[in-house]
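Structure data follow from entry-v1.txt (compact mmCIF, C-alpha atoms):
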# COMPACT_ATOMS: atom_id res chain seq x y z
CA MET A 1 22.09 20.68 -8.09
CA HIS A 2 21.43 17.25 -9.46
CA GLU A 3 20.38 18.26 -12.96
CA LEU A 4 23.42 16.39 -14.29
CA SER A 5 22.18 13.07 -12.91
CA ILE A 6 18.68 13.78 -14.26
CA ALA A 7 20.14 14.58 -17.69
CA GLN A 8 22.16 11.38 -17.62
CA SER A 9 19.07 9.37 -16.74
CA ILE A 10 17.22 10.91 -19.72
CA ILE A 11 20.07 9.85 -22.02
CA ASP A 12 20.09 6.36 -20.47
CA TYR A 13 16.32 6.13 -21.01
CA MET A 14 16.59 7.09 -24.71
CA VAL A 15 19.37 4.58 -25.34
CA SER A 16 17.53 1.84 -23.49
CA GLU A 17 14.26 2.47 -25.41
CA ALA A 18 16.13 2.53 -28.73
CA ASP A 19 17.82 -0.77 -27.80
CA LYS A 20 14.53 -2.37 -26.76
CA ASN A 21 12.86 -1.40 -30.03
CA GLY A 22 15.86 -2.06 -32.30
CA SER A 23 15.83 1.59 -33.47
CA LYS A 24 18.68 3.25 -35.31
CA SER A 25 18.09 6.65 -33.77
CA VAL A 26 15.90 8.82 -31.55
CA SER A 27 14.60 11.87 -33.43
CA GLU A 28 12.42 13.54 -30.80
CA ILE A 29 11.74 13.49 -27.09
CA GLN A 30 9.22 15.56 -25.14
CA ILE A 31 9.72 15.68 -21.39
CA GLU A 32 7.44 17.16 -18.79
CA VAL A 33 9.20 18.26 -15.60
CA GLY A 34 7.13 18.63 -12.45
CA GLU A 35 7.34 22.02 -10.77
CA LEU A 36 7.74 20.35 -7.38
CA MET A 37 11.15 19.02 -8.44
CA GLN A 38 12.41 22.61 -8.74
CA VAL A 39 14.67 21.76 -11.61
CA ASP A 40 16.43 24.45 -13.67
CA LEU A 41 14.80 23.66 -17.05
CA ALA A 42 17.23 25.67 -19.21
CA GLY A 43 20.21 24.14 -17.43
CA LEU A 44 18.74 20.65 -17.73
CA LYS A 45 18.15 21.06 -21.47
CA GLU A 46 21.68 22.31 -21.98
CA LEU A 47 23.06 19.26 -20.15
CA VAL A 48 20.87 16.83 -22.12
CA LEU A 49 22.07 18.37 -25.41
CA LEU A 50 25.65 18.20 -24.20
CA LEU A 51 25.35 14.51 -23.36
CA MET A 52 23.59 13.54 -26.63
CA LYS A 53 26.58 12.14 -28.49
CA GLY A 54 26.83 9.61 -31.27
CA PRO A 55 24.75 8.97 -34.41
CA ARG A 56 21.74 7.61 -32.48
CA LEU A 57 21.09 10.72 -30.43
CA GLU A 58 22.90 13.68 -31.97
CA LYS A 59 19.99 14.78 -34.19
CA CYS A 60 17.30 14.35 -31.54
CA ARG A 61 14.98 17.30 -30.94
CA VAL A 62 14.54 17.88 -27.22
CA GLU A 63 11.53 19.67 -25.79
CA LEU A 64 11.20 20.30 -22.06
CA SER A 65 8.12 21.78 -20.46
CA LEU A 66 7.08 22.58 -16.92
CA LYS A 67 4.09 20.83 -15.35
CA GLU A 68 2.58 23.02 -12.67
CA ALA A 69 2.31 21.47 -9.22
CA GLY A 70 -1.08 21.23 -7.55
CA PHE A 71 -1.89 20.07 -4.02
CA ARG A 72 -5.04 18.99 -2.22
CA CYS A 73 -5.71 18.42 1.47
CA ARG A 74 -7.11 14.95 2.18
CA LYS A 75 -8.68 16.23 5.38
CA CYS A 76 -10.54 19.41 4.40
CA GLY A 77 -10.36 19.27 0.59
CA ALA A 78 -8.58 22.63 0.14
CA ALA A 79 -6.52 23.01 -3.05
CA TRP A 80 -3.44 25.17 -3.60
CA ASP A 81 -0.58 25.69 -6.02
CA MET A 82 3.20 25.95 -5.95
CA LYS A 83 3.11 29.68 -5.24
CA GLU A 84 1.46 28.96 -1.89
CA ALA A 85 3.69 25.91 -1.28
CA ARG A 86 6.79 27.97 -2.03
CA LYS A 87 6.00 30.30 0.89
CA GLN A 88 6.22 27.35 3.29
CA LEU A 89 9.29 25.90 1.60
CA GLU A 90 11.11 29.21 1.80
CA GLN A 91 10.51 29.32 5.54
CA THR A 92 11.86 25.77 5.81
CA ALA A 93 14.90 26.78 3.79
CA ASP A 94 16.10 28.77 6.79
CA SER A 95 16.67 25.49 8.57
CA LEU A 96 17.60 23.68 5.39
CA LEU A 97 18.66 20.12 6.01
CA VAL A 98 20.74 19.86 2.86
CA ARG A 99 23.69 22.23 2.80
CA GLU A 100 25.11 23.31 -0.50
CA PRO A 101 27.43 26.28 -0.74
CA ASP A 102 25.83 29.35 -2.38
CA SER A 103 22.63 27.45 -3.09
CA LYS A 104 19.14 28.86 -2.84
CA GLU A 105 17.54 25.50 -3.58
CA LEU A 106 14.53 24.54 -1.57
CA PRO A 107 14.40 21.21 0.29
CA LEU A 108 12.23 19.22 -2.12
CA HIS A 109 14.69 19.55 -4.97
CA PHE A 110 16.29 16.32 -3.78
CA LEU A 111 13.45 14.15 -2.50
CA PRO A 112 10.19 15.55 -3.92
CA SER A 113 8.19 12.59 -2.54
CA LEU A 114 8.80 14.00 0.94
CA TYR A 115 6.63 17.04 0.24
CA SER A 116 4.25 16.21 3.10
CA SER A 117 7.13 16.52 5.60
CA PHE A 118 7.70 20.11 4.54
CA LEU A 119 4.20 21.30 3.59
CA ASN A 120 0.91 21.59 5.42
CA CYS A 121 -2.58 22.46 4.26
CA PRO A 122 -2.69 26.28 4.30
CA LYS A 123 -6.34 26.12 5.40
CA CYS A 124 -6.49 23.51 8.20
CA GLY A 125 -2.79 22.74 8.85
CA SER A 126 -3.02 19.00 8.15
CA ALA A 127 0.06 17.15 6.86
CA ASP A 128 -2.20 14.57 5.18
CA ILE A 129 -1.91 16.18 1.77
CA ALA A 130 -1.55 14.94 -1.81
CA ALA A 131 0.40 16.32 -4.76
CA GLU A 132 -2.10 15.95 -7.60
CA SER A 133 0.25 17.05 -10.34
CA GLY A 134 3.78 18.20 -11.08
CA GLU A 135 5.63 15.97 -8.66
CA ASP A 136 7.78 13.98 -11.10
CA ILE A 137 9.31 13.80 -14.55
CA ARG A 138 7.33 12.23 -17.40
CA ILE A 139 8.21 11.37 -20.95
CA ARG A 140 5.28 12.55 -23.08
CA ARG A 141 6.51 11.68 -26.55
CA LEU A 142 9.36 9.63 -27.92
CA VAL A 143 10.06 9.27 -31.64
CA LEU A 144 12.27 6.36 -32.62
CA GLU A 145 13.51 5.88 -36.20
CA MET B 1 6.74 7.19 -32.83
CA ARG B 2 4.92 6.67 -29.57
CA GLU B 3 3.08 8.82 -27.11
CA THR B 4 4.01 7.77 -23.58
CA ASP B 5 3.15 8.41 -20.00
CA ASP B 6 6.37 6.99 -18.62
CA GLY B 7 6.67 8.44 -15.17
CA LEU B 8 9.38 8.23 -12.54
CA LEU B 9 11.92 8.34 -15.27
CA PHE B 10 14.61 9.85 -13.17
CA GLU B 11 14.22 7.63 -10.15
CA LYS B 12 13.92 4.39 -12.09
CA GLU B 13 16.73 5.03 -14.54
CA SER B 14 18.98 6.52 -11.93
CA ALA B 15 18.28 3.70 -9.45
CA ARG B 16 19.00 1.11 -12.14
CA LYS B 17 22.29 2.82 -12.95
CA LYS B 18 23.27 3.17 -9.28
CA LEU B 19 22.57 -0.50 -8.70
CA GLU B 20 25.19 -1.38 -11.32
CA GLN B 21 27.81 0.02 -8.91
CA VAL B 22 26.70 -2.19 -6.03
CA GLY B 23 28.13 -5.69 -5.77
CA ARG B 24 25.47 -7.19 -3.55
CA VAL B 25 22.43 -6.01 -1.58
CA ILE B 26 21.77 -7.66 1.80
CA MET B 27 18.30 -6.87 3.12
CA VAL B 28 17.66 -7.28 6.84
CA GLY B 29 14.01 -7.66 7.81
CA SER B 30 11.49 -9.38 10.00
CA GLY B 31 8.05 -7.95 9.29
CA LYS B 32 7.82 -7.31 13.04
CA GLY B 33 8.84 -4.28 15.07
CA GLY B 34 11.10 -4.38 18.11
CA VAL B 35 13.19 -7.45 17.25
CA GLY B 36 16.36 -5.48 16.50
CA LYS B 37 16.49 -5.26 12.69
CA SER B 38 18.36 -1.96 12.73
CA PHE B 39 20.76 -3.27 15.37
CA VAL B 40 21.54 -6.37 13.28
CA ALA B 41 21.77 -4.35 10.04
CA SER B 42 24.11 -1.79 11.64
CA GLY B 43 26.31 -4.44 13.26
CA LEU B 44 26.56 -6.35 9.99
CA ALA B 45 27.50 -3.21 8.01
CA ILE B 46 30.19 -2.20 10.52
CA THR B 47 31.62 -5.74 10.60
CA LEU B 48 31.70 -6.02 6.79
CA SER B 49 33.46 -2.66 6.63
CA ARG B 50 36.04 -3.71 9.22
CA LEU B 51 36.72 -6.85 7.20
CA GLY B 52 37.79 -4.53 4.39
CA HIS B 53 34.62 -4.47 2.27
CA ARG B 54 33.37 -1.14 0.98
CA THR B 55 29.92 -1.06 2.58
CA GLY B 56 26.87 1.19 2.62
CA ILE B 57 23.68 1.02 4.65
CA LEU B 58 20.27 2.26 3.57
CA ASP B 59 17.52 2.84 6.11
CA LEU B 60 14.11 2.12 4.57
CA ASP B 61 12.23 2.47 7.84
CA ILE B 62 10.69 5.68 6.55
CA HIS B 63 8.37 6.32 9.49
CA GLY B 64 10.57 5.14 12.33
CA ALA B 65 14.17 5.49 11.25
CA SER B 66 16.67 4.53 13.94
CA LEU B 67 19.89 3.99 11.98
CA PRO B 68 21.16 7.56 12.44
CA GLY B 69 20.97 6.92 16.20
CA TYR B 70 23.00 3.69 16.01
CA PHE B 71 25.71 5.43 14.02
CA GLY B 72 25.48 8.76 15.84
CA VAL B 73 24.94 10.81 12.67
CA SER B 74 22.47 13.67 12.15
CA PRO B 75 21.44 16.30 9.57
CA PRO B 76 22.43 18.29 7.63
CA LEU B 77 23.39 16.35 4.53
CA THR B 78 25.51 17.92 1.86
CA SER B 79 25.06 17.56 -1.88
CA THR B 80 27.27 17.03 -4.90
CA GLU B 81 26.43 17.28 -8.58
CA ARG B 82 25.75 13.54 -8.41
CA GLY B 83 23.27 13.73 -5.52
CA LEU B 84 23.33 13.61 -1.74
CA LYS B 85 26.54 12.62 0.01
CA PRO B 86 25.95 9.79 2.48
CA LYS B 87 27.26 10.26 6.00
CA VAL B 88 30.31 8.12 6.71
CA LYS B 89 30.92 6.57 10.13
CA GLU B 90 32.84 3.44 11.11
CA GLY B 91 33.80 3.22 7.44
CA VAL B 92 30.15 2.73 6.45
CA GLU B 93 28.28 5.02 4.03
CA ILE B 94 24.93 5.79 5.67
CA MET B 95 21.68 7.11 4.19
CA SER B 96 18.33 7.53 5.89
CA VAL B 97 15.27 9.68 5.18
CA ALA B 98 15.67 10.93 8.75
CA LEU B 99 18.93 12.61 7.72
CA PHE B 100 16.80 14.70 5.39
CA THR B 101 13.67 15.32 7.43
CA GLY B 102 15.19 15.56 10.92
CA ASN B 103 12.39 15.40 13.47
CA ARG B 104 9.58 16.15 10.99
CA PRO B 105 6.92 13.46 10.64
CA VAL B 106 6.91 11.60 7.32
CA ALA B 107 3.21 11.48 6.35
CA VAL B 108 3.66 9.54 3.12
CA ARG B 109 1.01 7.20 1.78
CA GLY B 110 0.81 4.19 -0.54
CA SER B 111 2.41 4.60 -3.93
CA GLU B 112 4.33 7.69 -2.78
CA LYS B 113 6.42 5.32 -0.67
CA GLN B 114 7.59 3.50 -3.78
CA ASN B 115 8.73 6.81 -5.26
CA LEU B 116 10.49 7.63 -2.01
CA VAL B 117 12.33 4.29 -1.81
CA ASN B 118 13.56 4.75 -5.39
CA GLU B 119 14.45 8.41 -4.82
CA VAL B 120 16.42 7.93 -1.62
CA PHE B 121 18.50 5.14 -3.17
CA ALA B 122 18.91 6.87 -6.53
CA LEU B 123 19.71 10.33 -5.11
CA THR B 124 22.52 9.08 -2.89
CA ASP B 125 26.02 9.40 -4.27
CA TRP B 126 27.14 5.96 -3.09
CA GLY B 127 30.02 5.42 -5.46
CA HIS B 128 31.12 1.80 -5.83
CA LEU B 129 30.00 -0.50 -3.01
CA GLU B 130 30.79 -4.15 -2.43
CA TYR B 131 27.84 -4.48 -0.07
CA LEU B 132 24.73 -2.42 0.50
CA VAL B 133 22.93 -3.46 3.69
CA VAL B 134 19.24 -2.46 3.63
CA ASP B 135 17.36 -2.06 6.89
CA LEU B 136 13.73 -2.94 6.11
CA PRO B 137 10.79 -1.52 8.09
CA PRO B 138 8.46 -3.66 10.26
CA THR B 139 5.91 -4.31 7.53
CA THR B 140 5.14 -6.47 4.54
CA GLY B 141 3.77 -3.42 2.72
CA ASP B 142 4.89 -0.76 0.27
CA GLU B 143 8.49 -0.14 1.34
CA VAL B 144 9.35 -3.85 1.45
CA LEU B 145 7.65 -4.61 -1.88
CA SER B 146 9.39 -1.60 -3.43
CA ALA B 147 12.76 -2.77 -2.11
CA PHE B 148 12.15 -6.30 -3.48
CA GLU B 149 11.31 -4.80 -6.88
CA LEU B 150 14.21 -2.35 -6.88
CA PHE B 151 16.98 -4.66 -5.69
CA GLY B 152 15.58 -7.85 -7.23
CA LYS B 153 18.24 -10.17 -8.54
CA LYS B 154 21.10 -8.63 -6.58
CA THR B 155 19.61 -9.18 -3.19
CA GLY B 156 19.38 -11.73 -0.43
CA LEU B 157 17.31 -11.43 2.74
CA ILE B 158 18.43 -12.06 6.31
CA LEU B 159 15.50 -12.65 8.65
CA VAL B 160 15.65 -11.40 12.24
CA THR B 161 13.52 -12.71 15.09
CA THR B 162 13.55 -13.05 18.86
CA PRO B 163 13.05 -16.53 20.38
CA SER B 164 9.38 -15.69 20.97
CA PRO B 165 6.97 -17.94 19.01
CA LEU B 166 4.80 -14.87 18.32
CA ALA B 167 7.75 -13.11 16.67
CA VAL B 168 8.57 -16.23 14.65
CA SER B 169 4.98 -16.46 13.40
CA ILE B 170 5.09 -12.83 12.19
CA VAL B 171 8.52 -13.32 10.59
CA SER B 172 7.07 -16.28 8.70
CA ARG B 173 4.78 -13.85 6.82
CA LEU B 174 7.79 -11.96 5.48
CA ARG B 175 9.34 -15.35 4.64
CA GLN B 176 6.27 -16.22 2.55
CA LEU B 177 6.26 -12.83 0.85
CA ALA B 178 9.94 -13.18 -0.08
CA LYS B 179 9.31 -16.64 -1.50
CA GLY B 180 6.43 -15.37 -3.62
CA GLU B 181 8.54 -12.50 -4.94
CA GLY B 182 11.55 -14.71 -5.71
CA ILE B 183 13.81 -13.11 -3.11
CA PRO B 184 16.31 -15.64 -1.68
CA VAL B 185 16.39 -15.92 2.10
CA LEU B 186 20.00 -16.31 3.24
CA GLY B 187 19.35 -17.27 6.83
CA LEU B 188 17.94 -16.41 10.23
CA VAL B 189 19.43 -14.35 13.07
CA ILE B 190 17.96 -14.86 16.53
CA ASN B 191 18.35 -11.60 18.40
CA MET B 192 17.87 -11.14 22.16
CA ALA B 193 18.52 -14.89 22.41
CA TYR B 194 19.61 -14.75 26.06
CA LEU B 195 20.92 -12.42 28.75
CA LYS B 196 24.05 -13.29 30.69
CA LYS B 197 24.82 -12.14 34.20
CA GLY B 198 28.17 -13.53 35.18
CA LYS B 199 28.08 -17.16 34.11
CA ARG B 200 24.30 -17.50 34.41
CA ALA B 201 22.12 -17.07 31.36
CA SER B 202 18.44 -16.12 31.48
CA PHE B 203 15.98 -16.19 28.61
CA PRO B 204 13.60 -13.18 28.77
CA PHE B 205 11.99 -14.02 25.41
CA GLY B 206 12.02 -17.80 25.97
CA ARG B 207 14.51 -20.40 24.82
CA SER B 208 15.06 -20.74 21.09
CA ASP B 209 13.51 -23.88 19.66
CA ARG B 210 16.05 -24.05 16.85
CA PRO B 211 14.72 -27.04 14.84
CA SER B 212 11.17 -25.70 14.98
CA MET B 213 12.28 -22.19 13.93
CA GLU B 214 14.35 -23.49 11.04
CA LYS B 215 11.47 -25.66 9.88
CA ARG B 216 8.86 -22.91 10.21
CA LEU B 217 10.99 -20.37 8.33
CA SER B 218 12.56 -22.86 5.90
CA THR B 219 16.04 -21.54 6.51
CA LYS B 220 19.13 -22.07 8.65
CA ILE B 221 20.06 -20.14 11.79
CA ILE B 222 23.21 -18.11 11.16
CA ALA B 223 23.72 -16.54 14.58
CA GLU B 224 22.24 -16.10 18.06
CA ILE B 225 22.91 -12.66 19.51
CA PRO B 226 22.48 -12.11 23.25
CA LEU B 227 21.10 -9.05 24.98
CA ASP B 228 23.96 -7.00 26.39
CA GLU B 229 23.58 -3.72 28.22
CA GLY B 230 27.01 -2.77 26.86
CA VAL B 231 25.33 -1.90 23.54
CA SER B 232 23.52 1.04 25.12
CA SER B 233 26.28 2.03 27.54
CA LYS B 234 29.31 1.64 25.23
CA GLY B 235 27.71 1.81 21.79
CA LEU B 236 27.50 -0.87 19.11
CA ALA B 237 30.74 0.03 17.32
CA ARG B 238 32.82 -0.34 20.51
CA MET B 239 31.07 -3.57 21.42
CA LEU B 240 32.02 -5.02 18.03
CA ASN B 241 35.67 -4.43 18.90
CA GLY B 242 35.46 -5.83 22.38
CA ARG B 243 35.64 -9.24 24.01
CA ASN B 244 32.02 -10.18 24.50
CA GLU B 245 29.48 -12.63 23.09
CA ILE B 246 28.06 -10.18 20.51
CA SER B 247 31.16 -9.53 18.44
CA PRO B 248 31.79 -13.15 17.28
CA GLU B 249 28.14 -13.52 16.27
CA PHE B 250 28.41 -10.55 13.91
CA LYS B 251 31.67 -11.94 12.51
CA ARG B 252 29.80 -15.18 11.87
CA ILE B 253 27.02 -13.32 10.01
CA ALA B 254 29.53 -11.33 7.93
CA ALA B 255 31.52 -14.46 7.06
CA PHE B 256 28.29 -16.21 6.09
CA VAL B 257 27.27 -13.29 3.87
CA ALA B 258 30.69 -13.16 2.23
CA SER B 259 30.62 -16.87 1.48
CA SER B 260 26.96 -17.24 0.42

Mind turning the file's structure into structure tokens?
Amino acid sequence: MHELSIAQSIIDYMVSEADKNGSKSVSEIQIEVGELMQVDLAGLKELVLLLMKGPRLEKCRVELSLKEAGFRCRKCGAAWDMKEARKQLEQTADSLLVREPDSKELPLHFLPSLYSSFLNCPKCGSADIAAESGEDIRIRRLVLE
Amino acid sequence: MRETDDGLLFEKESARKKLEQVGRVIMVGSGKGGVGKSFVASGLAITLSRLGHRTGILDLDIHGASLPGYFGVSPPLTSTERGLKPKVKEGVEIMSVALFTGNRPVAVRGSEKQNLVNEVFALTDWGHLEYLVVDLPPTTGDEVLSAFELFGKKTGLILVTTPSPLAVSIVSRLRQLAKGEGIPVLGLVINMAYLKKGKRASFPFGRSDRPSMEKRLSTKIIAEIPLDEGVSSKGLARMLNGRNEISPEFKRIAAFVASS
């Protein structure tokens, strides 16, 4: 679980953008969370709302959406989605390299950029693969007053 | 109102925040493989820690990590609500991608490396550190540029070379890159400077031409570390406690870092 640190970074981002632009408040933020990060969206939203204190942030509308992950093999061109990737990640979870009591988190929760160490092309087996979408967190809309 | 496409929010913001808790970042690099960057970085981190400084070490050699071996640490990592807990050995907080991937290959390309450098620093629950020693990979590419960008104003670079003129010429490329990116070079460490058998010294990589090296790399030599088979037989940490010609050189580097 590192949703708390993600939530804190979202708050830090809003404050820093408001400071940069000399804004009195932030009224809306839309955030797209990549599926590959395997973040608990409801939990993340709850934490963001909990951390939004003070007149600049307390009335901000927060919208979080999931961006589906998509992968492509650089060797054979095959494309696949997170459902297929999850099968491989679940196998890896048996030898999970990050131990967390009572956790069912899959390895890429922590370092999503390492996806090619845990995934292979389901068609040809190559590790030379690319995440074409859903590998990070993006701010899609920010409304400053 | 503005529509944005601000990516890497978490890594960038989190890395920026984490960096506030670090007093100083000391990068150790050479641009060349096989000169002993990880050895120098590990020895420096252990020595700083023994001098009472709270010290961490970050392995950015993504494809060929060797720090876990020097410290004798291995997966699994554990996590907290603030991220991944670094391994602690010899008083040093240690993080390396290899502690996450184990023996899996890391087939990461181009811009993904920048994300990875930010992630691995940002996701580690370092706490407050007086010094973060960063072991750079043997390249002047993505990982090094990403580290320069990430650690920027807080950092200084220690160059590592062997006495070999070929090594010095490759190290000079990293020197030029650092200059162009505004990264201060603190000094030069000559590793594998000589090998002593009894009272006789031999020079397997040639004798160090100190004035020429200092001129070529526009910096001062901080230390000359000999080859010593004790490092592999006894381990680096024990050697740094012992009476030998390695231990005082690392004390010299640590004192230099603390005073620079």

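Excluding Ile253 in chain B itself and same-chain residues fewer than 6 positions from it, the residues having an atom within 9 Å of it are Leu44, Thr47, Val189, Ile222 and Ala223 of chain B, counting all atoms listed in the file.
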
Q: Work out how far CA of Lys179 in chain B is from CA of Lys17 in chain B, in Å to one decimal.
A: 26.0 Å

(Q) Just want the 10 Å neighbourhood of range 39-44 of chain A, counted on only C-alpha atoms, with same-chain residues fewer than 4 positions away dropped. Output as a ChimeraX atom specification. (A) /A:1-8,32-35,48-50,64-66,105,109-110

Q. Could you list, as an MDAnalysis selection string, every residue of chain B that has an atom within 10 Å of an atom of chain A, counting only C-alpha atoms?
A. chainID B and resid 1:17 74:85 97 99:109 111:120 122:124

Q: For Val22 in chain B, list every protein, DNA or RNA residue within 7 Å, evaluated using all atoms listed in the file, and leave out those in the same chain fewer than 5 positions away; present the list as a ChimeraX atom specification.
A: /B:128-132

Q: For range 144-151 of chain B, work out the shell of residues within 9 Å, counting only C-alpha atoms and skipping chain neighbours fewer than 3 positions away, then give it as JSON, numbers by chain.
A: {"B": [12, 15, 16, 19, 25, 27, 29, 31, 60, 113, 114, 115, 117, 118, 134, 136, 137, 138, 139, 140, 141, 154, 155, 177, 178, 181, 182, 183]}

Around all listed atoms of range 26-34 of chain A, padded 8 Å per side, what centre and edge lengths does the axis-aligned box have in Å to one decimal, as lines of an AutoDock Vina configuration file?
center_x = 11.5
center_y = 13.7
center_z = -22.9
size_x = 24.8
size_y = 25.8
size_z = 37.0

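If you look at CA of Met213 in chain B and CA of Pro226 in chain B, they are 17.1 Å away from each other.
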
Excluding Ile158 in chain B and any residue of its chain fewer than 6 positions from it, enumerate the residues within 7 Å of it, using only C-alpha atoms, and give them as a CSV table (one decimal) with C-alpha atoms, in the frame of the given file.
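Output file selection-v4.csv is given in full below:
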chain,number,residue,atom,x,y,z
B,27,MET,CA,18.3,-6.9,3.1
B,28,VAL,CA,17.7,-7.3,6.8
B,29,GLY,CA,14.0,-7.7,7.8
B,185,VAL,CA,16.4,-15.9,2.1
B,186,LEU,CA,20.0,-16.3,3.2
B,187,GLY,CA,19.4,-17.3,6.8
B,188,LEU,CA,17.9,-16.4,10.2

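The space separating CA of Gln176 in chain B from CA of Ser96 in chain B comes to 26.8 Å.
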
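Considering the residues B:Gly64, B:Gly34, B:Gly180, B:Gly43 and counting all atoms listed in the file, Ser247 in chain B has its shortest atom-to-atom contact with B:Gly43.
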
Q.
Restricting the calculation to only C-alpha atoms: of A:Gly125, A:Gly77, A:Gly22, A:Gly70, which residue gets closest to Arg56 in chain A?
A. A:Gly22

Generate the coordinates of N, CA and C atoms for range 68-80 of chain B; report them as a PDB file, keeping the file's coordinate frame.
ATOM      1  N   PRO B  68      20.301   6.429  12.080  1.00  0.00           N
ATOM      2  CA  PRO B  68      21.160   7.560  12.440  1.00  0.00           C
ATOM      3  C   PRO B  68      21.569   7.511  13.913  1.00  0.00           C
ATOM      4  N   GLY B  69      20.668   7.035  14.774  1.00  0.00           N
ATOM      5  CA  GLY B  69      20.970   6.920  16.200  1.00  0.00           C
ATOM      6  C   GLY B  69      22.063   5.891  16.467  1.00  0.00           C
ATOM      7  N   TYR B  70      21.989   4.721  15.815  1.00  0.00           N
ATOM      8  CA  TYR B  70      23.000   3.690  16.010  1.00  0.00           C
ATOM      9  C   TYR B  70      24.389   4.164  15.605  1.00  0.00           C
ATOM     10  N   PHE B  71      24.413   4.970  14.526  1.00  0.00           N
ATOM     11  CA  PHE B  71      25.710   5.430  14.020  1.00  0.00           C
ATOM     12  C   PHE B  71      26.107   6.790  14.595  1.00  0.00           C
ATOM     13  N   GLY B  72      25.176   7.449  15.283  1.00  0.00           N
ATOM     14  CA  GLY B  72      25.480   8.760  15.840  1.00  0.00           C
ATOM     15  C   GLY B  72      25.676   9.818  14.763  1.00  0.00           C
ATOM     16  N   VAL B  73      24.861   9.774  13.712  1.00  0.00           N
ATOM     17  CA  VAL B  73      24.940  10.810  12.670  1.00  0.00           C
ATOM     18  C   VAL B  73      23.620  11.580  12.641  1.00  0.00           C
ATOM     19  N   SER B  74      23.676  12.829  12.175  1.00  0.00           N
ATOM     20  CA  SER B  74      22.470  13.670  12.150  1.00  0.00           C
ATOM     21  C   SER B  74      22.547  14.641  10.975  1.00  0.00           C
ATOM     22  N   PRO B  75      21.409  15.303  10.633  1.00  0.00           N
ATOM     23  CA  PRO B  75      21.440  16.300   9.570  1.00  0.00           C
ATOM     24  C   PRO B  75      22.417  17.418   9.973  1.00  0.00           C
ATOM     25  N   PRO B  76      22.877  18.262   9.027  1.00  0.00           N
ATOM     26  CA  PRO B  76      22.430  18.290   7.630  1.00  0.00           C
ATOM     27  C   PRO B  76      23.262  17.365   6.726  1.00  0.00           C
ATOM     28  N   LEU B  77      22.657  17.027   5.591  1.00  0.00           N
ATOM     29  CA  LEU B  77      23.390  16.350   4.530  1.00  0.00           C
ATOM     30  C   LEU B  77      24.019  17.414   3.638  1.00  0.00           C
ATOM     31  N   THR B  78      24.987  17.007   2.879  1.00  0.00           N
ATOM     32  CA  THR B  78      25.510  17.920   1.860  1.00  0.00           C
ATOM     33  C   THR B  78      25.281  17.280   0.489  1.00  0.00           C
ATOM     34  N   SER B  79      25.344  18.111  -0.545  1.00  0.00           N
ATOM     35  CA  SER B  79      25.060  17.560  -1.880  1.00  0.00           C
ATOM     36  C   SER B  79      26.257  17.744  -2.803  1.00  0.00           C
ATOM     37  N   THR B  80      26.287  16.895  -3.825  1.00  0.00           N
ATOM     38  CA  THR B  80      27.270  17.030  -4.900  1.00  0.00           C
ATOM     39  C   THR B  80      26.475  17.096  -6.195  1.00  0.00           C
TER      40      THR B  80
END
